[in-house]
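Engineer: Enclosed is the structure file run23.txt (compact mmCIF, C-alpha atoms).
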# COMPACT_ATOMS: atom_id res chain seq x y z
CA MET A 887 -17.55 -146.88 58.40
CA ASP A 888 -15.06 -146.19 55.59
CA ALA A 889 -13.91 -143.01 57.32
CA MET A 890 -13.36 -144.89 60.59
CA ARG A 891 -11.42 -147.57 58.72
CA LYS A 892 -9.16 -144.91 57.20
CA GLN A 893 -8.51 -143.40 60.63
CA LEU A 894 -7.52 -146.83 61.97
CA ASP A 895 -5.24 -147.37 58.98
CA VAL A 896 -3.41 -144.13 59.73
CA LEU A 897 -3.24 -144.80 63.46
CA MET A 898 -2.41 -148.52 63.53
CA GLY A 899 -1.21 -149.23 60.02
CA ALA A 900 -3.02 -150.87 57.15
CA ASN A 901 -1.59 -154.21 58.29
CA ARG A 902 -3.37 -154.12 61.65
CA ASN A 903 -5.33 -157.25 60.65
CA GLY A 904 -2.21 -159.21 59.72
CA ASP A 905 -2.38 -158.92 55.94
CA VAL A 906 1.13 -159.91 54.79
CA ARG A 907 0.79 -157.98 51.53
CA GLU A 908 0.45 -154.74 53.47
CA VAL A 909 3.76 -155.29 55.24
CA ASN A 910 5.63 -155.02 51.95
CA ARG A 911 3.88 -151.85 50.79
CA LYS A 912 6.22 -149.04 49.66
CA TYR A 913 5.61 -145.31 49.58
CA PHE A 914 5.79 -145.27 45.77
CA ASP A 915 3.06 -147.92 45.30
CA ARG A 916 0.12 -146.77 43.18
CA ASP A 917 -2.43 -147.34 45.94
CA VAL A 918 -0.59 -145.01 48.35
CA CYS A 919 -1.85 -141.41 48.53
CA ARG A 920 0.93 -139.12 47.35
CA LEU A 921 -0.89 -136.02 48.57
CA PHE A 922 -0.99 -137.43 52.11
CA LEU A 923 2.73 -138.20 51.88
CA ALA A 924 3.36 -134.60 50.78
CA GLY A 925 1.47 -133.34 53.81
CA LEU A 926 -2.17 -132.70 52.88
CA CYS A 927 -4.94 -134.87 51.41
CA PRO A 928 -8.12 -132.98 50.37
CA HIS A 929 -10.28 -135.89 51.54
CA ASP A 930 -9.26 -135.10 55.15
CA LEU A 931 -10.06 -131.38 54.99
CA PHE A 932 -13.80 -130.92 54.62
CA GLN A 933 -15.36 -133.90 56.33
CA LEU A 934 -19.08 -133.45 57.12
CA THR A 935 -19.31 -130.23 55.08
CA LYS A 936 -20.80 -129.52 51.65
CA MET A 937 -17.25 -129.93 50.27
CA ASP A 938 -16.88 -133.43 51.77
CA LEU A 939 -15.07 -135.64 49.23
CA GLY A 940 -15.61 -138.81 51.23
CA PRO A 941 -12.81 -141.14 52.41
CA CYS A 942 -9.67 -141.20 50.28
CA PRO A 943 -9.57 -144.37 48.13
CA LYS A 944 -5.82 -144.64 48.65
CA VAL A 945 -3.71 -145.64 51.63
CA HIS A 946 -2.72 -143.11 54.30
CA SER A 947 0.20 -144.29 56.41
CA LEU A 948 2.43 -142.30 58.72
CA GLN A 949 5.17 -144.90 58.33
CA LEU A 950 5.11 -144.51 54.56
CA ARG A 951 5.11 -140.72 54.96
CA LYS A 952 8.23 -141.06 57.13
CA ASP A 953 9.85 -143.26 54.46
CA TYR A 954 8.95 -140.70 51.78
CA GLU A 955 10.33 -137.76 53.79
CA GLU A 956 13.64 -139.58 54.24
CA VAL A 957 13.91 -140.12 50.49
CA LYS A 958 12.79 -136.56 49.77
CA ALA A 959 15.54 -135.20 52.03
CA LYS A 960 18.06 -136.94 49.78
CA GLY A 961 16.60 -135.19 46.74
CA THR A 962 15.49 -138.34 44.93
CA GLU A 963 11.72 -137.91 45.26
CA ASN A 964 9.33 -134.96 45.57
CA PHE A 965 5.52 -134.93 45.39
CA ASP A 966 5.17 -131.24 46.26
CA ARG A 967 4.20 -130.30 42.70
CA GLU A 968 1.22 -132.66 42.75
CA LEU A 969 0.09 -131.19 46.06
CA GLU A 970 0.49 -127.63 44.77
CA ASP A 971 -1.59 -128.42 41.68
CA MET A 972 -4.38 -129.86 43.83
CA ILE A 973 -4.38 -126.82 46.12
CA ASP A 974 -4.42 -124.48 43.12
CA ARG A 975 -7.55 -126.18 41.77
CA LEU A 976 -9.36 -125.88 45.11
CA ILE A 977 -8.45 -122.21 45.53
CA VAL A 978 -9.36 -121.32 41.94
CA GLU A 979 -12.79 -122.89 42.41
CA CYS A 980 -13.26 -120.99 45.68
CA GLU A 981 -12.30 -117.70 44.01
CA ARG A 982 -14.73 -118.39 41.17
CA LYS A 983 -17.50 -119.00 43.70
CA ILE A 984 -16.73 -115.67 45.37
CA GLN A 985 -16.78 -113.78 42.08
CA ARG A 986 -20.05 -115.45 40.98
CA ALA A 987 -21.69 -114.51 44.27
CA LEU A 988 -20.50 -110.91 44.02
CA LYS A 989 -21.74 -110.62 40.45
CA ARG A 990 -25.19 -111.98 41.29
CA LEU A 991 -25.49 -109.57 44.19
CA ALA A 992 -24.26 -106.65 42.10
CA ASP A 993 -27.00 -107.34 39.56
CA GLU A 994 -29.57 -106.63 42.28
CA ASP A 995 -27.79 -104.04 44.40
CA ALA A 996 -24.26 -102.80 43.81
CA LYS A 997 -23.78 -102.11 47.50
CA ALA A 998 -25.33 -105.30 48.83
CA ALA A 999 -22.08 -107.18 49.42
CA ILE A 1000 -18.34 -106.86 49.08
CA ALA A 1001 -15.45 -109.25 49.58
CA ILE A 1002 -13.33 -108.46 52.60
CA SER A 1003 -9.79 -109.50 53.37
CA VAL A 1004 -10.48 -111.55 56.48
CA SER A 1005 -6.85 -112.63 56.62
CA GLU A 1006 -5.77 -108.98 56.97
CA VAL A 1007 -8.56 -107.75 59.23
CA THR A 1008 -8.14 -110.64 61.68
CA GLN A 1009 -4.36 -110.69 61.80
CA SER A 1010 -2.48 -109.80 64.96
CA GLU A 1011 0.58 -110.96 66.86
CA GLU A 1012 -1.58 -113.02 69.20
CA VAL A 1013 -3.41 -114.71 66.31
CA ALA A 1014 -0.09 -115.48 64.63
CA GLN A 1015 1.29 -116.95 67.87
CA LEU A 1016 -1.79 -119.14 68.32
CA SER A 1017 -1.49 -120.37 64.73
CA LYS A 1018 2.15 -121.24 65.36
CA GLU A 1019 1.26 -123.17 68.52
CA ILE A 1020 -1.47 -125.05 66.66
CA LYS A 1021 0.99 -126.16 63.97
CA GLU A 1022 3.48 -127.32 66.58
CA LYS A 1023 0.82 -129.31 68.45
CA MET A 1024 -0.39 -130.88 65.20
CA LYS A 1025 3.15 -132.09 64.54
CA GLU A 1026 3.31 -133.51 68.06
CA ALA A 1027 0.03 -135.32 67.45
CA ASP A 1028 1.44 -136.88 64.27
CA ILE A 1029 4.49 -138.08 66.20
CA PHE A 1030 2.32 -139.63 68.92
CA ASP A 1031 0.17 -141.15 66.17
CA PHE A 1032 3.20 -142.70 64.50
CA GLU A 1033 4.50 -144.05 67.82
CA GLY A 1034 1.12 -145.54 68.67
CA LYS A 1035 0.64 -143.32 71.76
CA THR A 1036 -3.10 -142.93 71.35
CA ASP A 1037 -3.79 -141.31 74.73
CA ASP A 1038 -1.08 -138.69 74.18
CA LYS A 1039 -2.43 -137.97 70.72
CA ILE A 1040 -5.97 -137.49 72.06
CA LYS A 1041 -4.76 -135.10 74.75
CA THR A 1042 -2.75 -133.13 72.21
CA MET A 1043 -5.71 -132.88 69.80
CA GLU A 1044 -7.91 -131.67 72.67
CA LEU A 1045 -5.36 -128.92 73.27
CA VAL A 1046 -5.37 -128.12 69.55
CA GLU A 1047 -9.16 -127.67 69.68
CA GLU A 1048 -8.81 -125.34 72.67
CA LEU A 1049 -6.21 -123.26 70.82
CA ARG A 1050 -8.40 -123.15 67.71
CA SER A 1051 -11.38 -122.04 69.77
CA LYS A 1052 -9.31 -119.31 71.41
CA ARG A 1053 -8.04 -118.15 68.01
CA ALA A 1054 -11.58 -118.16 66.57
CA ASP A 1055 -12.84 -116.01 69.46
CA LEU A 1056 -9.99 -113.56 68.95
CA GLN A 1057 -10.54 -113.40 65.19
CA ALA A 1058 -14.26 -112.86 65.76
CA THR A 1059 -13.50 -109.91 68.06
CA LEU A 1060 -11.17 -108.35 65.48
CA LEU A 1061 -13.67 -108.81 62.67
CA LEU A 1062 -16.48 -107.47 64.84
CA ASP A 1063 -14.45 -104.29 65.37
CA ALA A 1064 -14.13 -103.94 61.59
CA PHE A 1065 -17.86 -104.54 61.16
CA ASN A 1066 -18.62 -101.89 63.77
CA LYS A 1067 -16.76 -99.40 61.59
CA ASP A 1068 -18.74 -100.62 58.59
CA ARG A 1069 -22.02 -100.13 60.39
CA ALA A 1070 -21.01 -96.62 61.41
CA ALA A 1071 -20.44 -95.79 57.74
CA ILE A 1072 -23.82 -97.14 56.60
CA PRO A 1073 -26.20 -94.23 55.89
CA GLN A 1074 -29.11 -94.37 58.28
CA PRO A 1075 -32.62 -93.50 57.09
CA ILE A 1076 -34.02 -90.24 58.43
CA PRO A 1077 -36.60 -91.13 61.07
CA PRO A 1078 -40.04 -89.50 60.87
CA PRO A 1079 -40.70 -86.73 63.36
CA GLN A 1080 -42.06 -87.97 66.68
CA MET A 1081 -44.08 -86.20 69.29
CA ALA A 1082 -42.17 -87.83 72.09
CA THR A 1083 -39.13 -90.05 72.47
CA LEU A 1084 -40.16 -93.64 73.00
CA PRO A 1085 -38.10 -95.98 75.19
CA ALA A 1086 -36.01 -98.63 73.47
CA PRO A 1087 -38.09 -101.75 72.83
CA PRO A 1088 -37.23 -104.83 74.89
CA PRO A 1089 -35.58 -107.81 73.15
CA PRO A 1090 -37.79 -110.35 71.34
CA ASP A 1091 -39.38 -113.11 73.36
CA ALA A 1092 -37.56 -116.47 73.53
CA ARG A 1093 -39.62 -118.10 70.77
CA THR A 1094 -39.19 -115.19 68.36
CA GLN A 1095 -35.45 -115.03 69.06
CA GLU A 1096 -35.21 -118.76 68.36
CA LEU A 1097 -36.92 -118.24 64.99
CA ILE A 1098 -34.57 -115.35 64.20
CA ASN A 1099 -31.52 -117.49 65.01
CA GLU A 1100 -32.86 -120.29 62.80
CA LYS A 1101 -33.30 -117.89 59.88
CA LEU A 1102 -29.77 -116.50 60.34
CA SER A 1103 -28.27 -120.00 60.49
CA LYS A 1104 -30.22 -120.98 57.39
CA ALA A 1105 -28.97 -117.88 55.56
CA GLU A 1106 -25.36 -118.67 56.48
CA ALA A 1107 -25.71 -122.28 55.29
CA LEU A 1108 -27.32 -121.19 52.02
CA GLY A 1109 -24.63 -118.55 51.52
CA GLU A 1110 -21.88 -121.15 51.90
CA GLN A 1111 -23.61 -123.21 49.21
CA GLY A 1112 -23.66 -120.23 46.83
CA MET A 1113 -27.47 -119.95 46.95
CA VAL A 1114 -27.44 -116.15 47.08
CA GLU A 1115 -31.12 -115.46 46.45
CA GLU A 1116 -32.23 -117.99 49.04
CA ALA A 1117 -29.74 -116.57 51.56
CA GLN A 1118 -31.05 -113.05 50.95
CA LYS A 1119 -34.63 -114.20 51.48
CA ALA A 1120 -33.73 -115.89 54.80
CA LEU A 1121 -31.95 -112.72 55.98
CA GLU A 1122 -34.97 -110.61 55.03
CA GLU A 1123 -37.25 -112.92 56.97
CA ALA A 1124 -34.98 -112.71 60.03
CA GLU A 1125 -34.94 -108.92 59.87
CA ALA A 1126 -38.72 -108.87 59.47
CA LEU A 1127 -39.08 -110.99 62.59
CA LYS A 1128 -36.91 -108.55 64.53
CA LYS A 1129 -39.03 -105.61 63.44
CA LEU A 1130 -42.27 -107.43 64.08
CA ALA A 1131 -41.11 -108.27 67.59
CA ALA A 1132 -40.30 -104.61 68.21
CA ALA A 1133 -43.64 -103.56 66.74
CA ARG A 1134 -45.52 -105.68 69.26
CA GLN A 1135 -43.93 -103.64 72.04
CA GLU A 1136 -44.99 -100.25 70.64
CA PRO A 1137 -48.13 -98.57 72.00
CA VAL A 1138 -49.52 -97.99 68.50
CA PRO A 1139 -48.04 -100.56 66.16
CA ASP A 1140 -48.02 -99.98 62.43
CA PRO A 1141 -47.82 -103.40 60.71
CA SER A 1142 -47.20 -101.88 57.29
CA LYS A 1143 -43.83 -100.57 58.50
CA TYR A 1144 -42.57 -104.06 59.23
CA SER A 1145 -43.51 -106.02 56.14
CA VAL A 1146 -40.89 -108.22 54.50
CA ALA A 1147 -41.12 -106.10 51.34
CA ASP A 1148 -39.72 -103.11 53.23
CA VAL A 1149 -36.62 -105.00 54.37
CA ARG A 1150 -33.91 -104.69 51.74
CA ILE A 1151 -30.72 -106.71 51.50
CA THR A 1152 -28.75 -103.47 51.86
CA ASP A 1153 -30.00 -103.36 55.45
CA GLN A 1154 -27.91 -106.46 56.11
CA LYS A 1155 -24.72 -105.33 54.32
CA LEU A 1156 -23.34 -108.77 53.51
CA ARG A 1157 -19.63 -109.46 53.43
CA LEU A 1158 -17.92 -112.36 51.67
CA CYS A 1159 -15.04 -114.09 53.41
CA ASP A 1160 -12.08 -114.04 51.01
CA ILE A 1161 -10.70 -117.26 52.52
CA CYS A 1162 -13.64 -119.66 52.18
CA GLY A 1163 -16.32 -117.65 50.31
CA ALA A 1164 -18.93 -117.79 53.10
CA PHE A 1165 -21.42 -114.97 53.59
CA LEU A 1166 -21.10 -112.83 56.72
CA SER A 1167 -23.25 -109.95 57.87
CA VAL A 1168 -22.03 -106.79 59.54
CA TYR A 1169 -24.84 -107.44 62.02
CA ASP A 1170 -23.53 -110.87 63.05
CA ASN A 1171 -22.58 -111.14 66.72
CA ASP A 1172 -19.23 -112.36 68.01
CA ARG A 1173 -20.54 -115.89 68.67
CA ARG A 1174 -21.70 -116.40 65.10
CA LEU A 1175 -18.42 -115.02 63.77
CA ALA A 1176 -16.45 -117.33 66.08
CA ASP A 1177 -18.47 -120.28 64.77
CA HIS A 1178 -17.48 -119.25 61.26
CA PHE A 1179 -13.76 -119.09 62.07
CA GLY A 1180 -13.91 -122.42 63.89
CA GLY A 1181 -15.91 -124.18 61.17
CA LYS A 1182 -14.35 -127.00 59.13
CA LEU A 1183 -14.94 -125.23 55.83
CA HIS A 1184 -13.07 -122.07 56.86
CA LEU A 1185 -10.31 -124.03 58.63
CA GLY A 1186 -9.87 -126.27 55.59
CA TYR A 1187 -9.48 -123.39 53.14
CA MET A 1188 -7.20 -121.57 55.58
CA LEU A 1189 -5.01 -124.67 55.81
CA ILE A 1190 -4.65 -125.12 52.05
CA ARG A 1191 -3.88 -121.42 51.54
CA GLU A 1192 -1.16 -121.59 54.20
CA LYS A 1193 0.20 -124.79 52.65
CA LEU A 1194 0.31 -123.15 49.22
CA LYS A 1195 2.40 -120.27 50.61
CA GLU A 1196 4.73 -122.78 52.25
CA LEU A 1197 5.18 -124.69 48.99
CA GLN A 1198 5.81 -121.47 47.05
CA VAL A 1199 8.53 -120.46 49.52
CA LEU A 1200 10.14 -123.89 49.17
CA ASN A 1201 10.08 -123.54 45.37
CA VAL A 1202 11.82 -120.16 45.54
CA MET A 1203 14.45 -121.52 47.92
CA SER A 1204 15.09 -124.55 45.71
CA HIS A 1205 15.64 -122.30 42.67
CA PHE A 1206 18.23 -120.28 44.59
CA LEU A 1207 20.03 -123.44 45.64
CA LEU A 1208 20.20 -124.74 42.05
Turn the structure described in the file into structure tokens.
Structural biologist:
Amino acid sequence: MDAMRKQLDVLMGANRNGDVREVNRKYFDRDVCRLFLAGLCPHDLFQLTKMDLGPCPKVHSLQLRKDYEEVKAKGTENFDRELEDMIDRLIVECERKIQRALKRLADEDAKAAIAISVSEVTQSEEVAQLSKEIKEKMKEADIFDFEGKTDDKIKTMELVEELRSKRADLQATLLLDAFNKDRAAIPQPIPPPQMATLPAPPPPDARTQELINEKLSKAEALGEQGMVEEAQKALEEAEALKKLAAARQEPVPDPSKYSVADVRITDQKLRLCDICGAFLSVYDNDRRLADHFGGKLHLGYMLIREKLKELQVLNVMSHFLL
């Protein structure tokens, strides 16, 4: 309910119920969110994720943001430093989480996981163009929001979601290509000699595949929460299910070959996303990778990292002008 109230405040103004005191509110009032005025409030970033901070206790108003931007353009007010400090804290905590996860994994197996530069691997001209279009559409949505054109805003946000989905699919394809190279470099165990070549086993039955997907989803969720050991266990269970399903199709199954104890975390070759700190596996398919890129946690961290770069550029430019 509080979140819905905040959305209505932004859309229709905090004075939508006729409160006279709200009419006289100024951008510099203490109950106005300075981070929202500067362009990014952390309370809006990670809604319905483990990083959810809940609704912002301060006022978000597009009219007050417009008033602030007019004053900022004259050089008499600037809240960018406060926003940069907030972003720095969020990124530092994310980097710490990544390093803690890597250390815990290294204690068990030095080759179990590495951090990858997702931003580099998934960068291309098409991705950059889609990101640019998304930013432009988000600005259009804010304008429609400010003007009270709700239908136009909804249509624009629907287009934003389509662009984000397209970008996530493209990023997933690029990352999958990188993972394919990783898998090719993974040493494969020498198979025991066989009397005859057996045909490839059919895929698991629907129920087994459903269980495998549940285990993989659980592992991803636990990985995002920094619960490394639990994530490893879920991945091991998923791999064991795959092998057990294949074993059922063999003429002479050997259950001892497919026990959970024989499935090591190195078989999964985990990767850590350097943007949000989530666990990824080189064996993830393109759909699971696309879900990662389109998730609120990844999008939120991507947004604050881009905003930090923007603020740093503005700081450099302001120093040159002084």
Engineer: Provide the CA of Glu1196 in chain A to CA of Pro928 in chain A distance in Å, to one decimal place.
Structural biologist: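 According to the coordinates, CA of Glu1196 in chain A and CA of Pro928 in chain A are separated by 16.5 Å.
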Engineer: Which residues, written as a list in words, have at least one atom at most 8 Å from Ala1027 in chain A, with all atoms listed in the file counted and residues fewer than 5 positions away on the same chain left out?
Structural biologist: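 Near neighbours after the sequence-gap exclusion: Asp1038, Lys1039, Ile1040, Thr1042 and Met1043 of chain A.
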Engineer: Tell me, in Å to one decimal, how far CA of Glu1019 in chain A is from CA of Leu1049 in chain A.
Structural biologist: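 Interatomic distance here is 7.8 Å.
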Engineer: With distances taken over all atoms listed in the file, which of A:Gly1109, A:Gly925, A:Pro1090, A:Gly1180 is nearest to Asp1055 in chain A?
Structural biologist: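 Looking at the shortest contact to Asp1055 in chain A, the residue is A:Gly1180.
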Engineer: Find the spatial neighbours of Asp930 in chain A, counting all atoms listed in the file, within a cut-off of 9 Å - ignore same-chain residues fewer than 5 positions away - and output them as a PyMOL selection string.
Structural biologist: chain A and resi 938-942+1186
Engineer: May I have the residues at most 7 Å from (-3.2, -126.2, 47.8) in the file's coordinates, counting all atoms listed in the file, as a PyMOL selection string?
Structural biologist: chain A and resi 969-974+976-977+1190-1191+1193-1194
Engineer: If I take CA of Glu1011 in chain A and CA of His1178 in chain A, how far is one from the other in Å, to one decimal?
Structural biologist: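 The value is 20.6 Å.
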Engineer: Dig up all the protein and nucleic acid residues within 12 Å of (-12.6, -119.2, 43.3) in the file frame, using all atoms listed in the file, and format them as a PyMOL selection string.
Structural biologist: chain A and resi 973-988+1112+1159-1164+1187
Engineer: Write out as number ranges by chain each polymer residue whose atoms come within 9 Å of Asp1177 in chain A, counting all atoms listed in the file; drop sequence neighbours fewer than 3 positions from it.
Structural biologist: A: 1051, 1054-1055, 1058, 1172-1174, 1180-1181
Engineer: Nearest residue to Glu1048 in chain A out of A:Ile1020, A:Leu1060, A:Val918, A:Ile1029, using only C-alpha atoms?
Structural biologist: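 Checking each of A:Ile1020, A:Leu1060, A:Val918, A:Ile1029 against Glu1048 in chain A, counting only C-alpha atoms, the winner is A:Ile1020.
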Engineer: Between A:Ala1176, A:Asp1031, A:Lys912, A:Ser1005, single out the one closest to Arg1050 in chain A, counting all atoms listed in the file.
Structural biologist: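 For Arg1050 in chain A, the nearest of the candidates is A:Ala1176.
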Engineer: Please provide as a PDB file with C-alpha atoms, in the frame of the given file all residues within 7 Å of Tyr913 in chain A, with the sequence filter that same-chain residues fewer than 6 positions apart are discarded (counting all atoms listed in the file).
Structural biologist:
ATOM      1  CA  LEU A 950       5.110-144.510  54.560  1.00  0.00           C
ATOM      2  CA  ASP A 953       9.850-143.260  54.460  1.00  0.00           C
ATOM      3  CA  TYR A 954       8.950-140.700  51.780  1.00  0.00           C
TER       4      TYR A 954
END
Engineer: Just checking: using all atoms listed in the file, which residue out of A:Leu1045, A:Ala1117, A:Val957, A:Leu1016 ends up closest to Leu1166 in chain A?
Structural biologist: A:Ala1117
Engineer: Measuring atom to atom with only C-alpha atoms, identify which of A:Leu926, A:Leu948, A:Leu1056, A:Leu1185 is nearest to Phe1030 in chain A.
Structural biologist: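 Closest to Phe1030 in chain A of all the choices is A:Leu948.
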Engineer: Go through A:Leu1062, A:Glu1033, A:Asp1028, A:Phe922 one by one, measure the shortest atom-to-atom distance of each to Asp966 in chain A using all atoms listed in the file, and give the residue with the smallest value.
Structural biologist: A:Phe922
Engineer: Using all atoms listed in the file, which residues sit within 12 Å of Leu1097 in chain A once same-chain residues fewer than 2 positions away are excluded, as a list in words?
Structural biologist: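 Selected residues are Pro1090, Asp1091, Ala1092, Arg1093, Thr1094, Gln1095, Asn1099, Glu1100, Lys1101, Leu1102, Ser1103, Lys1104, Ala1120, Leu1121, Glu1123, Ala1124, Glu1125, Ala1126, Leu1127, Lys1128 and Ala1131 of chain A.
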Engineer: Since we have the selection now, will you write its residues out, keeping C-alpha atoms, as a PDB file, keeping the file's coordinate frame?
Structural biologist:
ATOM      1  CA  PRO A1090     -37.790-110.350  71.340  1.00  0.00           C
ATOM      2  CA  ASP A1091     -39.380-113.110  73.360  1.00  0.00           C
ATOM      3  CA  ALA A1092     -37.560-116.470  73.530  1.00  0.00           C
ATOM      4  CA  ARG A1093     -39.620-118.100  70.770  1.00  0.00           C
ATOM      5  CA  THR A1094     -39.190-115.190  68.360  1.00  0.00           C
ATOM      6  CA  GLN A1095     -35.450-115.030  69.060  1.00  0.00           C
ATOM      7  CA  ASN A1099     -31.520-117.490  65.010  1.00  0.00           C
ATOM      8  CA  GLU A1100     -32.860-120.290  62.800  1.00  0.00           C
ATOM      9  CA  LYS A1101     -33.300-117.890  59.880  1.00  0.00           C
ATOM     10  CA  LEU A1102     -29.770-116.500  60.340  1.00  0.00           C
ATOM     11  CA  SER A1103     -28.270-120.000  60.490  1.00  0.00           C
ATOM     12  CA  LYS A1104     -30.220-120.980  57.390  1.00  0.00           C
ATOM     13  CA  ALA A1120     -33.730-115.890  54.800  1.00  0.00           C
ATOM     14  CA  LEU A1121     -31.950-112.720  55.980  1.00  0.00           C
ATOM     15  CA  GLU A1123     -37.250-112.920  56.970  1.00  0.00           C
ATOM     16  CA  ALA A1124     -34.980-112.710  60.030  1.00  0.00           C
ATOM     17  CA  GLU A1125     -34.940-108.920  59.870  1.00  0.00           C
ATOM     18  CA  ALA A1126     -38.720-108.870  59.470  1.00  0.00           C
ATOM     19  CA  LEU A1127     -39.080-110.990  62.590  1.00  0.00           C
ATOM     20  CA  LYS A1128     -36.910-108.550  64.530  1.00  0.00           C
ATOM     21  CA  ALA A1131     -41.110-108.270  67.590  1.00  0.00           C
TER      22      ALA A1131
END
